[in-house]
file upload-v1.txt (compact mmCIF, C-alpha atoms)
# COMPACT_ATOMS: atom_id res chain seq x y z
CA MET A 1 -31.16 18.42 41.91
CA PRO A 2 -28.98 16.06 39.90
CA ARG A 3 -25.54 17.36 39.21
CA CYS A 4 -24.61 18.05 35.65
CA ARG A 5 -21.69 15.96 34.58
CA LYS A 6 -18.98 17.82 32.79
CA ARG A 7 -18.06 16.31 29.49
CA LYS A 8 -14.45 15.37 29.10
CA PRO A 9 -12.77 17.13 26.21
CA ARG A 10 -12.46 14.90 23.19
CA CYS A 11 -9.03 14.10 21.84
CA CYS A 12 -8.10 15.47 18.47
CA GLY A 13 -9.54 13.23 15.76
CA LYS A 14 -6.42 13.42 13.63
CA SER A 15 -4.27 12.38 16.58
CA GLN A 16 -6.52 9.38 17.25
CA GLN A 17 -6.39 8.40 13.59
CA ALA A 18 -2.62 8.72 13.49
CA GLN A 19 -2.35 6.42 16.50
CA GLY A 20 -4.92 4.18 14.88
CA ALA A 21 -2.70 3.83 11.84
CA THR A 22 0.05 2.44 14.06
CA GLN A 23 -2.43 0.05 15.69
CA LEU A 24 -3.69 -1.10 12.29
CA LEU A 25 -0.15 -1.87 11.17
CA SER A 26 0.41 -3.93 14.30
CA SER A 27 -2.92 -5.69 13.76
CA ALA A 28 -2.06 -6.45 10.15
CA LYS A 29 1.22 -8.00 11.15
CA GLU A 30 -0.18 -10.01 14.06
CA ARG A 31 -3.41 -11.29 12.55
CA ALA A 32 -3.06 -11.45 8.76
CA HIS A 33 -1.24 -14.78 8.77
CA LEU A 34 -1.58 -15.99 5.20
CA SER A 35 -0.13 -19.49 4.91
CA SER A 36 -1.81 -22.50 3.32
CA SER A 37 1.42 -24.54 3.15
CA PRO A 38 4.85 -24.29 4.83
CA PRO A 39 6.50 -20.99 3.86
CA PRO A 40 9.86 -20.94 2.11
CA VAL A 41 13.07 -21.13 4.12
CA GLU A 42 13.76 -17.46 3.48
CA ALA A 43 10.47 -16.48 5.12
CA THR A 44 10.48 -18.91 8.06
CA THR A 45 14.03 -18.65 9.33
CA GLN A 46 13.95 -14.89 9.90
CA LYS A 47 13.21 -15.03 13.60
CA THR A 48 16.25 -12.94 14.41
CA PRO A 49 16.29 -9.23 13.55
CA CYS A 50 16.72 -8.68 9.85
CA ALA A 51 17.02 -5.79 7.46
CA ARG A 52 14.14 -4.79 5.26
CA SER A 53 14.35 -4.96 1.50
CA ARG A 54 15.88 -2.02 -0.36
CA SER A 55 13.92 1.22 -0.21
CA THR A 56 14.55 4.88 -0.76
CA VAL A 57 14.93 5.64 2.95
CA LYS A 58 17.42 3.56 4.93
CA ARG A 59 15.87 1.87 7.92
CA PRO A 60 17.49 0.22 10.94
CA ARG A 61 17.30 -3.51 11.53
CA ARG A 62 14.07 -4.72 13.08
CA ALA A 63 12.42 -7.96 14.04
CA ALA A 64 10.59 -9.86 11.33
CA SER A 65 6.82 -9.54 11.29
CA THR A 66 4.50 -12.47 11.83
CA VAL A 67 2.83 -12.03 8.46
CA SER A 68 3.81 -14.78 6.05
CA VAL A 69 2.82 -16.17 2.66
CA SER A 70 3.31 -19.67 1.35
CA ALA A 71 5.94 -20.61 -1.20
CA GLY A 72 3.20 -21.21 -3.72
CA GLY A 73 2.01 -17.73 -3.01
CA SER A 74 -1.58 -18.48 -2.04
CA PRO A 75 -3.24 -16.89 1.00
CA THR A 76 -5.00 -19.12 3.44
CA GLY A 77 -8.22 -20.80 2.38
CA LEU A 78 -11.02 -22.47 4.28
CA PRO A 79 -9.46 -25.97 4.13
CA GLU A 80 -6.80 -24.74 6.53
CA GLY A 81 -9.39 -23.64 9.06
CA ALA A 82 -8.14 -25.77 11.93
CA LYS A 83 -4.59 -24.56 11.52
CA CYS A 84 -5.64 -20.93 11.16
CA LYS A 85 -7.86 -21.15 14.22
CA THR A 86 -4.93 -22.30 16.31
CA GLN A 87 -2.76 -19.52 14.96
CA GLU A 88 -5.47 -16.92 15.57
CA ASN A 89 -5.88 -18.11 19.16
CA GLN A 90 -2.15 -17.82 19.68
CA SER A 91 -2.04 -14.33 18.20
CA SER A 92 -5.11 -13.18 20.16
CA SER A 93 -3.60 -14.47 23.40
CA LYS A 94 -0.48 -12.44 22.66
CA ALA A 95 -2.45 -9.31 21.74
CA PRO A 96 -2.84 -7.93 25.31
CA VAL A 97 0.88 -8.44 25.91
CA ALA A 98 1.74 -6.67 22.65
CA SER A 99 -0.67 -3.86 23.49
CA ALA A 100 0.84 -3.43 26.94
CA GLN A 101 4.33 -3.40 25.48
CA SER A 102 3.37 -0.77 22.89
CA GLN A 103 1.96 1.44 25.64
CA LYS A 104 5.21 1.16 27.58
CA ASP A 105 7.30 1.81 24.49
CA PRO A 106 8.22 5.52 24.68
CA LEU A 107 8.62 5.73 20.90
CA THR A 108 5.01 4.77 20.12
CA LYS A 109 3.55 8.19 20.90
CA VAL A 110 6.25 10.18 19.12
CA THR A 111 5.98 7.87 16.11
CA GLY A 112 2.25 8.62 15.95
CA MET A 113 2.99 12.34 16.06
CA LEU A 114 5.45 11.99 13.19
CA VAL A 115 2.92 9.96 11.17
CA LYS A 116 0.42 12.79 11.60
CA PHE A 117 3.01 15.36 10.44
CA LEU A 118 4.00 13.25 7.42
CA MET A 119 0.40 12.87 6.28
CA GLN A 120 -0.13 16.62 6.59
CA MET A 121 2.90 17.15 4.36
CA TYR A 122 1.56 14.55 1.92
CA TYR A 123 -1.67 16.48 1.44
CA MET A 124 0.27 19.72 0.97
CA LYS A 125 2.29 18.03 -1.80
CA LYS A 126 5.54 19.86 -1.19
CA PRO A 127 9.03 18.86 -0.02
CA PHE A 128 9.98 19.23 3.63
CA MET A 129 13.25 19.17 5.54
CA LYS A 130 14.71 16.77 8.05
CA ALA A 131 14.82 19.72 10.44
CA ASP A 132 11.02 19.95 10.22
CA MET A 133 10.71 16.35 11.38
CA LEU A 134 13.23 16.84 14.17
CA LYS A 135 10.96 19.56 15.59
CA ILE A 136 8.30 16.89 16.15
CA VAL A 137 10.72 14.68 18.09
CA LYS A 138 11.55 15.68 21.63
CA LYS A 139 15.18 16.35 22.50
CA LYS A 140 15.51 13.17 24.55
CA PHE A 141 14.52 11.10 21.48
CA LYS A 142 16.66 12.85 18.87
CA LYS A 143 19.39 10.23 19.09
CA ARG A 144 16.75 7.63 18.15
CA PHE A 145 15.39 9.68 15.26
CA PRO A 146 16.44 7.13 12.58
CA GLU A 147 14.42 4.44 14.36
CA ILE A 148 11.42 6.73 14.79
CA LEU A 149 11.54 7.75 11.13
CA SER A 150 11.76 4.08 10.13
CA ARG A 151 8.64 3.25 12.12
CA ALA A 152 6.69 6.23 10.83
CA SER A 153 7.64 5.74 7.18
CA GLY A 154 6.87 2.03 7.49
CA ASN A 155 3.45 2.82 8.91
CA ILE A 156 2.42 5.24 6.17
CA GLU A 157 3.71 2.88 3.47
CA VAL A 158 1.86 -0.22 4.68
CA VAL A 159 -1.32 1.49 5.88
CA PHE A 160 -1.66 4.37 3.40
CA GLY A 161 0.44 3.23 0.44
CA VAL A 162 2.63 6.35 0.61
CA ASP A 163 6.42 6.25 0.12
CA LEU A 164 8.91 8.57 1.80
CA LYS A 165 11.61 9.57 -0.71
CA GLU A 166 14.62 11.85 -0.57
CA ALA A 167 13.99 14.89 -2.78
CA ASP A 168 17.52 16.23 -2.35
CA SER A 169 20.10 14.30 -0.32
CA THR A 170 22.44 17.31 -0.12
CA LYS A 171 19.77 19.40 1.61
CA ASP A 172 18.12 16.59 3.62
CA SER A 173 14.78 17.31 1.96
CA TYR A 174 12.06 14.70 1.56
CA LEU A 175 8.92 14.14 -0.50
CA LEU A 176 5.95 11.82 -0.06
CA VAL A 177 4.67 9.95 -3.13
CA SER A 178 1.66 7.66 -3.45
CA LYS A 179 2.16 4.18 -4.89
CA MET A 180 -0.90 4.68 -7.12
CA ASP A 181 -2.95 7.57 -8.50
CA LEU A 182 -6.27 7.26 -6.67
CA PRO A 183 -8.25 10.51 -6.88
CA ASN A 184 -8.24 13.17 -4.18
CA SER A 185 -4.76 12.23 -2.91
CA GLY A 186 -5.83 8.63 -2.46
CA ARG A 187 -8.94 9.43 -0.43
CA VAL A 188 -11.19 8.45 -3.40
CA ARG A 189 -13.86 10.96 -2.38
CA ARG A 190 -13.45 14.65 -1.71
CA GLY A 191 -13.25 15.87 1.84
CA LYS A 192 -11.55 14.58 4.94
CA GLY A 193 -10.17 11.12 5.37
CA PHE A 194 -7.05 9.10 4.72
CA PRO A 195 -5.64 7.49 1.56
CA LYS A 196 -7.05 4.10 0.57
CA THR A 197 -3.98 3.18 -1.49
CA GLY A 198 -2.51 0.91 1.19
CA LEU A 199 -5.72 -1.09 1.43
CA LEU A 200 -5.85 -1.39 -2.37
CA MET A 201 -2.25 -2.67 -2.47
CA HIS A 202 -3.14 -5.36 0.06
CA LEU A 203 -6.14 -6.41 -2.01
CA LEU A 204 -4.08 -6.55 -5.21
CA ALA A 205 -1.53 -8.71 -3.39
CA VAL A 206 -4.16 -11.19 -2.21
CA ILE A 207 -5.61 -11.41 -5.73
CA PHE A 208 -2.15 -11.92 -7.23
CA PHE A 209 -1.18 -14.60 -4.71
CA LYS A 210 -4.45 -16.45 -5.32
CA GLY A 211 -3.70 -16.88 -9.02
CA ASN A 212 -4.97 -13.47 -10.25
CA SER A 213 -8.52 -13.96 -8.98
CA ALA A 214 -9.80 -14.16 -5.42
CA THR A 215 -13.28 -15.05 -4.26
CA GLU A 216 -15.21 -12.65 -2.09
CA GLU A 217 -14.93 -15.11 0.82
CA ILE A 218 -11.12 -15.07 0.65
CA ILE A 219 -10.98 -11.27 0.47
CA TRP A 220 -13.14 -10.86 3.57
CA GLU A 221 -11.33 -13.63 5.42
CA PHE A 222 -8.13 -11.65 4.90
CA LEU A 223 -9.69 -8.28 5.82
CA ASN A 224 -11.40 -9.67 8.93
CA LYS A 225 -8.00 -10.64 10.28
CA MET A 226 -7.10 -6.96 9.99
CA ASN A 227 -10.26 -6.01 11.92
CA ILE A 228 -11.95 -4.74 8.74
CA TYR A 229 -15.54 -6.02 8.40
CA ALA A 230 -18.25 -5.66 5.77
CA GLY A 231 -21.00 -3.31 6.92
CA LYS A 232 -18.96 -1.99 9.85
CA ARG A 233 -17.48 1.47 9.43
CA HIS A 234 -13.70 1.54 9.74
CA PHE A 235 -11.95 4.53 11.32
CA LEU A 236 -9.57 4.84 8.34
CA PHE A 237 -11.37 3.32 5.36
CA GLY A 238 -15.02 4.12 6.03
CA GLU A 239 -17.56 1.45 5.05
CA PRO A 240 -15.21 -1.13 3.48
CA LYS A 241 -17.70 -3.14 1.42
CA LYS A 242 -19.01 -0.03 -0.31
CA LEU A 243 -15.44 1.16 -0.93
CA ILE A 244 -14.27 -2.17 -2.36
CA THR A 245 -17.26 -3.40 -4.36
CA LYS A 246 -18.38 0.01 -5.64
CA GLY A 247 -15.77 2.76 -5.23
CA LEU A 248 -12.67 0.87 -6.39
CA VAL A 249 -14.69 -1.01 -9.01
CA LYS A 250 -16.12 2.22 -10.45
CA LEU A 251 -12.60 3.65 -10.64
CA LYS A 252 -11.55 0.46 -12.50
CA TYR A 253 -8.91 -0.56 -9.97
CA LEU A 254 -10.82 -3.76 -9.25
CA GLU A 255 -13.18 -6.00 -11.20
CA TYR A 256 -16.02 -7.58 -9.25
CA GLN A 257 -17.93 -10.25 -11.12
CA GLN A 258 -19.90 -13.45 -10.64
CA VAL A 259 -17.99 -16.72 -10.70
CA PRO A 260 -19.05 -18.55 -13.88
CA ASN A 261 -21.68 -21.28 -13.38
CA SER A 262 -21.88 -20.66 -9.63
CA ASP A 263 -25.23 -21.58 -8.05
CA PRO A 264 -25.99 -19.95 -5.68
CA PRO A 265 -24.13 -16.97 -7.18
CA ARG A 266 -20.62 -16.36 -5.85
CA TYR A 267 -18.40 -13.43 -6.70
CA GLU A 268 -14.69 -12.89 -7.25
CA PHE A 269 -12.23 -10.01 -7.55
CA ARG A 270 -9.60 -9.37 -10.23
CA TRP A 271 -7.25 -6.53 -11.04
CA GLY A 272 -8.92 -3.76 -13.00
CA PRO A 273 -7.37 -1.99 -16.01
CA ARG A 274 -6.19 0.99 -13.94
CA ALA A 275 -4.41 -1.33 -11.52
CA HIS A 276 -2.55 -2.89 -14.45
CA ALA A 277 -1.70 0.59 -15.76
CA GLU A 278 -0.52 2.18 -12.49
CA THR A 279 1.32 -0.69 -10.83
CA SER A 280 2.71 -4.12 -11.70
CA LYS A 281 2.91 -7.60 -10.25
CA MET A 282 6.55 -6.97 -9.34
CA LYS A 283 5.74 -3.77 -7.44
CA VAL A 284 2.94 -5.50 -5.54
CA LEU A 285 5.24 -8.42 -4.78
CA GLU A 286 7.94 -6.04 -3.52
CA PHE A 287 5.33 -4.35 -1.31
CA TRP A 288 4.26 -7.71 0.13
CA ALA A 289 7.85 -8.89 0.60
CA LYS A 290 8.65 -5.71 2.52
CA ILE A 291 5.77 -6.39 4.92
CA ASN A 292 7.23 -9.86 5.48
CA ASN A 293 10.77 -8.49 5.92
CA THR A 294 12.03 -10.61 3.05
CA VAL A 295 12.72 -10.36 -0.68
CA PRO A 296 10.43 -11.03 -3.68
CA SER A 297 12.39 -14.15 -4.66
CA ALA A 298 11.27 -15.73 -1.36
CA PHE A 299 8.03 -16.49 -3.22
CA PRO A 300 9.44 -18.38 -6.26
CA SER A 301 6.30 -19.03 -8.30
CA ARG A 302 4.99 -15.47 -7.96
CA TYR A 303 8.45 -14.05 -8.53
CA GLU A 304 8.76 -15.91 -11.83
CA GLU A 305 5.31 -14.71 -12.86
CA ALA A 306 6.23 -11.13 -11.94
CA LEU A 307 9.47 -11.34 -13.97
CA HIS A 308 7.52 -12.63 -16.96
CA ASP A 309 5.06 -9.74 -16.56
CA GLU A 310 7.95 -7.25 -16.44
CA GLU A 311 9.38 -8.68 -19.67
CA GLU A 312 6.00 -8.45 -21.41
CA ARG A 313 5.67 -4.82 -20.31
CA ARG A 314 9.16 -4.03 -21.58
CA GLN A 315 8.44 -5.58 -24.99
CA ALA A 316 5.13 -3.73 -25.23
CA THR A 317 6.91 -0.44 -24.45
CA VAL A 318 9.54 -1.10 -27.12
CA ALA A 319 6.89 -2.00 -29.69
CA LEU A 320 4.88 1.13 -28.87
CA SER A 321 7.98 3.29 -29.18
CA ALA A 322 8.79 1.75 -32.58
CA ASP A 323 5.22 2.33 -33.81
CA THR A 324 5.32 5.95 -32.63
CA SER A 325 8.64 6.57 -34.42
CA ALA A 326 7.37 4.95 -37.64
CA THR A 327 4.19 7.05 -37.53
CA ALA A 328 6.22 10.24 -37.02
CA VAL A 329 8.45 9.46 -40.00
CA SER A 330 5.52 8.61 -42.27
CA GLU A 331 3.72 11.82 -41.32
CA SER A 332 6.80 14.02 -41.82
CA GLY A 333 7.58 12.58 -45.33
CA PRO A 334 4.63 14.03 -47.33
CA ARG A 335 4.90 17.35 -45.53
CA ALA A 336 8.59 17.68 -46.44
CA THR A 337 7.80 16.84 -50.10
CA ALA A 338 4.99 19.39 -50.19
CA ARG A 339 7.28 22.09 -48.82
CA THR A 340 9.93 21.23 -51.46
CA ILE A 341 7.40 21.48 -54.30
CA THR A 342 6.11 24.82 -53.00
CA VAL A 343 9.60 26.28 -52.85
CA GLU A 344 10.40 25.10 -56.40
CA VAL A 345 7.20 26.69 -57.75
CA GLU A 346 8.00 29.96 -56.02
CA VAL A 347 11.55 29.97 -57.52
CA HIS A 348 10.32 29.28 -61.08
CA SER A 349 7.68 31.99 -60.83
CA CYS A 350 10.31 34.52 -59.77
CA MET A 351 12.46 33.67 -62.81

call {"tool": "encode", "arguments": {"input": "upload-v1.txt", "output": "structure tokens"}}
result
Amino acid sequence: MPRCRKRKPRCCGKSQQAQGATQLLSSAKERAHLSSSPPPVEATTQKTPCARSRSTVKRPRRAASTVSVSAGGSPTGLPEGAKCKTQENQSSSKAPVASAQSQKDPLTKVTGMLVKFLMQMYYMKKPFMKADMLKIVKKKFKKRFPEILSRASGNIEVVFGVDLKEADSTKDSYLLVSKMDLPNSGRVRRGKGFPKTGLLMHLLAVIFFKGNSATEEIIWEFLNKMNIYAGKRHFLFGEPKKLITKGLVKLKYLEYQQVPNSDPPRYEFRWGPRAHAETSKMKVLEFWAKINNTVPSAFPSRYEEALHDEEERRQATVALSADTSATAVSESGPRATARTITVEVEVHSCM
């Protein structure tokens, strides 16, 4: 009789997904090379370890990522195919080496465990202590806790769009805050899963860098380099095409429309009204600069556009505040007069 093979116990799904988040971050940095012209000096000369841009949590110095954007701020297009192919071959040839190094790196596993803990705290929506995080880290790694926390917080920010902030520096308490207000804690739909905010921030960045509209071909070219494919279910983001062209469009974070006068029909993406309301070009630029280990001004044309957008937002806020104050004054005037007349009538009647 044939022997029955015992099934090996499956690993915890959440643990696999936490490790997958780290792998996705590495993939994004190694494969999403977005240059259609030579990058600015600030972005190309950072081959030595450099500090990240300012954030709430201090992070140790780390090597610059391989992700880059051109000075003009436009992601790669099809005309640069030959150049991109060479770069992809180089990155793919380095992938096994990088994978082997990550497996040997003793901090990779503990970083994944901390990512899992942080995401659990994010869903619980309550502050937590540094001591709680130290319980996740083994004693032999406690001296390297700042580096581990830097890796973990960087992972959840880039992949999930979640920021680690100090709730109270005197008590070493922390809080996790999403960059945008997607429903169900960023998961879009109810139930299990991970936040889609990080993916949305990447898409908004590509659209912004392509002149505020990006064709469907450019979006998928970018996502494919992150191992995200239309029609193929992703372990973090589900079926990406359905999420992007329907879910995020229905929620008004993205606009998906036909390119005018295109035959055969071609489609493009733009920021939706909720994206304009919940974030800004400057915030998206800061997010993208952080991925590149540089500063927003390293992308001059987009930086100027973002500054102009910030000024327009400030003026709109001031104008709205002035209108609100004027409306309040105009509404309070007649009421005050009516009360005065009523009091006078009551006084005369008493006399």

call {"tool": "closest_residue", "arguments": {"input": "upload-v1.txt", "among": "A:Lys142, A:Met180, A:Leu175, A:Glu221", "to": "Met121 (chain A)", "atoms": "all atoms listed in the file"}}
result
A:Leu175

call {"tool": "closest_atom_pairs", "arguments": {"input": "upload-v1.txt", "of": "region 187-275 of chain A", "to": "region 150-169 of chain A", "cutoff": "9 Å", "atoms": "all atoms listed in the file", "output": "Markdown table"}}
result
| residue | atom | partner | partner_atom | distance |
| --- | --- | --- | --- | --- |
| A:Phe194 | CA | A:Phe160 | CA | 7.3 |
| A:Pro195 | CA | A:Phe160 | CA | 5.4 |
| A:Lys196 | CA | A:Phe160 | CA | 6.1 |
| A:Thr197 | CA | A:Gly161 | CA | 4.8 |
| A:Gly198 | CA | A:Gly161 | CA | 3.8 |
| A:Leu199 | CA | A:Val159 | CA | 6.8 |
| A:Leu200 | CA | A:Gly161 | CA | 8.3 |
| A:Met201 | CA | A:Gly161 | CA | 7.1 |
| A:His202 | CA | A:Val158 | CA | 8.5 |

call {"tool": "atom_distance", "arguments": {"input": "upload-v1.txt", "atom1": "CA of Leu285 (chain A)", "atom2": "CA of Pro146 (chain A)"}}
result
25.9 Å

call {"tool": "residues_around", "arguments": {"input": "upload-v1.txt", "residues": "region 229-245 of chain A", "least_positions_apart": "4", "cutoff": "7 Å", "atoms": "all atoms listed in the file", "output": "ChimeraX atom specification"}}
result
/A:193-194,196,223-224,249,256

call {"tool": "write_last_selection", "arguments": {"input": "upload-v1.txt", "atoms": "C-alpha atoms", "output": "CSV table (one decimal), keeping the file's coordinate frame"}}
result
chain,number,residue,atom,x,y,z
A,193,GLY,CA,-10.2,11.1,5.4
A,194,PHE,CA,-7.0,9.1,4.7
A,196,LYS,CA,-7.0,4.1,0.6
A,223,LEU,CA,-9.7,-8.3,5.8
A,224,ASN,CA,-11.4,-9.7,8.9
A,249,VAL,CA,-14.7,-1.0,-9.0
A,256,TYR,CA,-16.0,-7.6,-9.2

call {"tool": "residues_near_point", "arguments": {"input": "upload-v1.txt", "point": "(10.6, 7.1, 14.1)", "cutoff": "9 Å", "atoms": "all atoms listed in the file", "output": "list of chain:residue names"}}
result
A:Leu107, A:Thr108, A:Val110, A:Thr111, A:Gly112, A:Leu114, A:Val115, A:Val137, A:Arg144, A:Phe145, A:Pro146, A:Glu147, A:Ile148, A:Leu149, A:Ser150, A:Arg151, A:Ala152, A:Ser153

call {"tool": "decode", "arguments": {"input": "upload-v1.txt", "residues": "region 166-188 of chain A", "atoms": "C-alpha atoms", "output": "mmCIF file, in the first residue's frame"}}
result
data_model
loop_
_atom_site.group_PDB
_atom_site.id
_atom_site.type_symbol
_atom_site.label_atom_id
_atom_site.label_comp_id
_atom_site.auth_asym_id
_atom_site.auth_seq_id
_atom_site.Cartn_x
_atom_site.Cartn_y
_atom_site.Cartn_z
ATOM 1 C CA GLU A 166 6.414 59.595 18.742
ATOM 2 C CA ALA A 167 3.230 60.055 20.780
ATOM 3 C CA ASP A 168 5.104 61.132 23.908
ATOM 4 C CA SER A 169 8.894 61.475 23.883
ATOM 5 C CA THR A 170 9.077 61.582 27.693
ATOM 6 C CA LYS A 171 7.440 58.159 27.970
ATOM 7 C CA ASP A 172 8.946 56.597 24.808
ATOM 8 C CA SER A 173 5.467 55.940 23.427
ATOM 9 C CA TYR A 174 4.732 55.673 19.718
ATOM 10 C CA LEU A 175 1.743 55.847 17.391
ATOM 11 C CA LEU A 176 1.218 54.686 13.805
ATOM 12 C CA VAL A 177 -0.575 57.049 11.411
ATOM 13 C CA SER A 178 -1.610 56.457 7.804
ATOM 14 C CA LYS A 179 -0.516 58.965 5.165
ATOM 15 C CA MET A 180 -4.060 58.983 3.734
ATOM 16 C CA ASP A 181 -7.570 58.091 4.880
ATOM 17 C CA LEU A 182 -8.422 55.014 2.823
ATOM 18 C CA PRO A 183 -11.353 53.109 4.353
ATOM 19 C CA ASN A 184 -10.961 50.136 6.671
ATOM 20 C CA SER A 185 -7.535 51.238 7.929
ATOM 21 C CA GLY A 186 -6.231 51.465 4.387
ATOM 22 C CA ARG A 187 -7.354 47.987 3.364
ATOM 23 C CA VAL A 188 -10.125 49.478 1.149
#
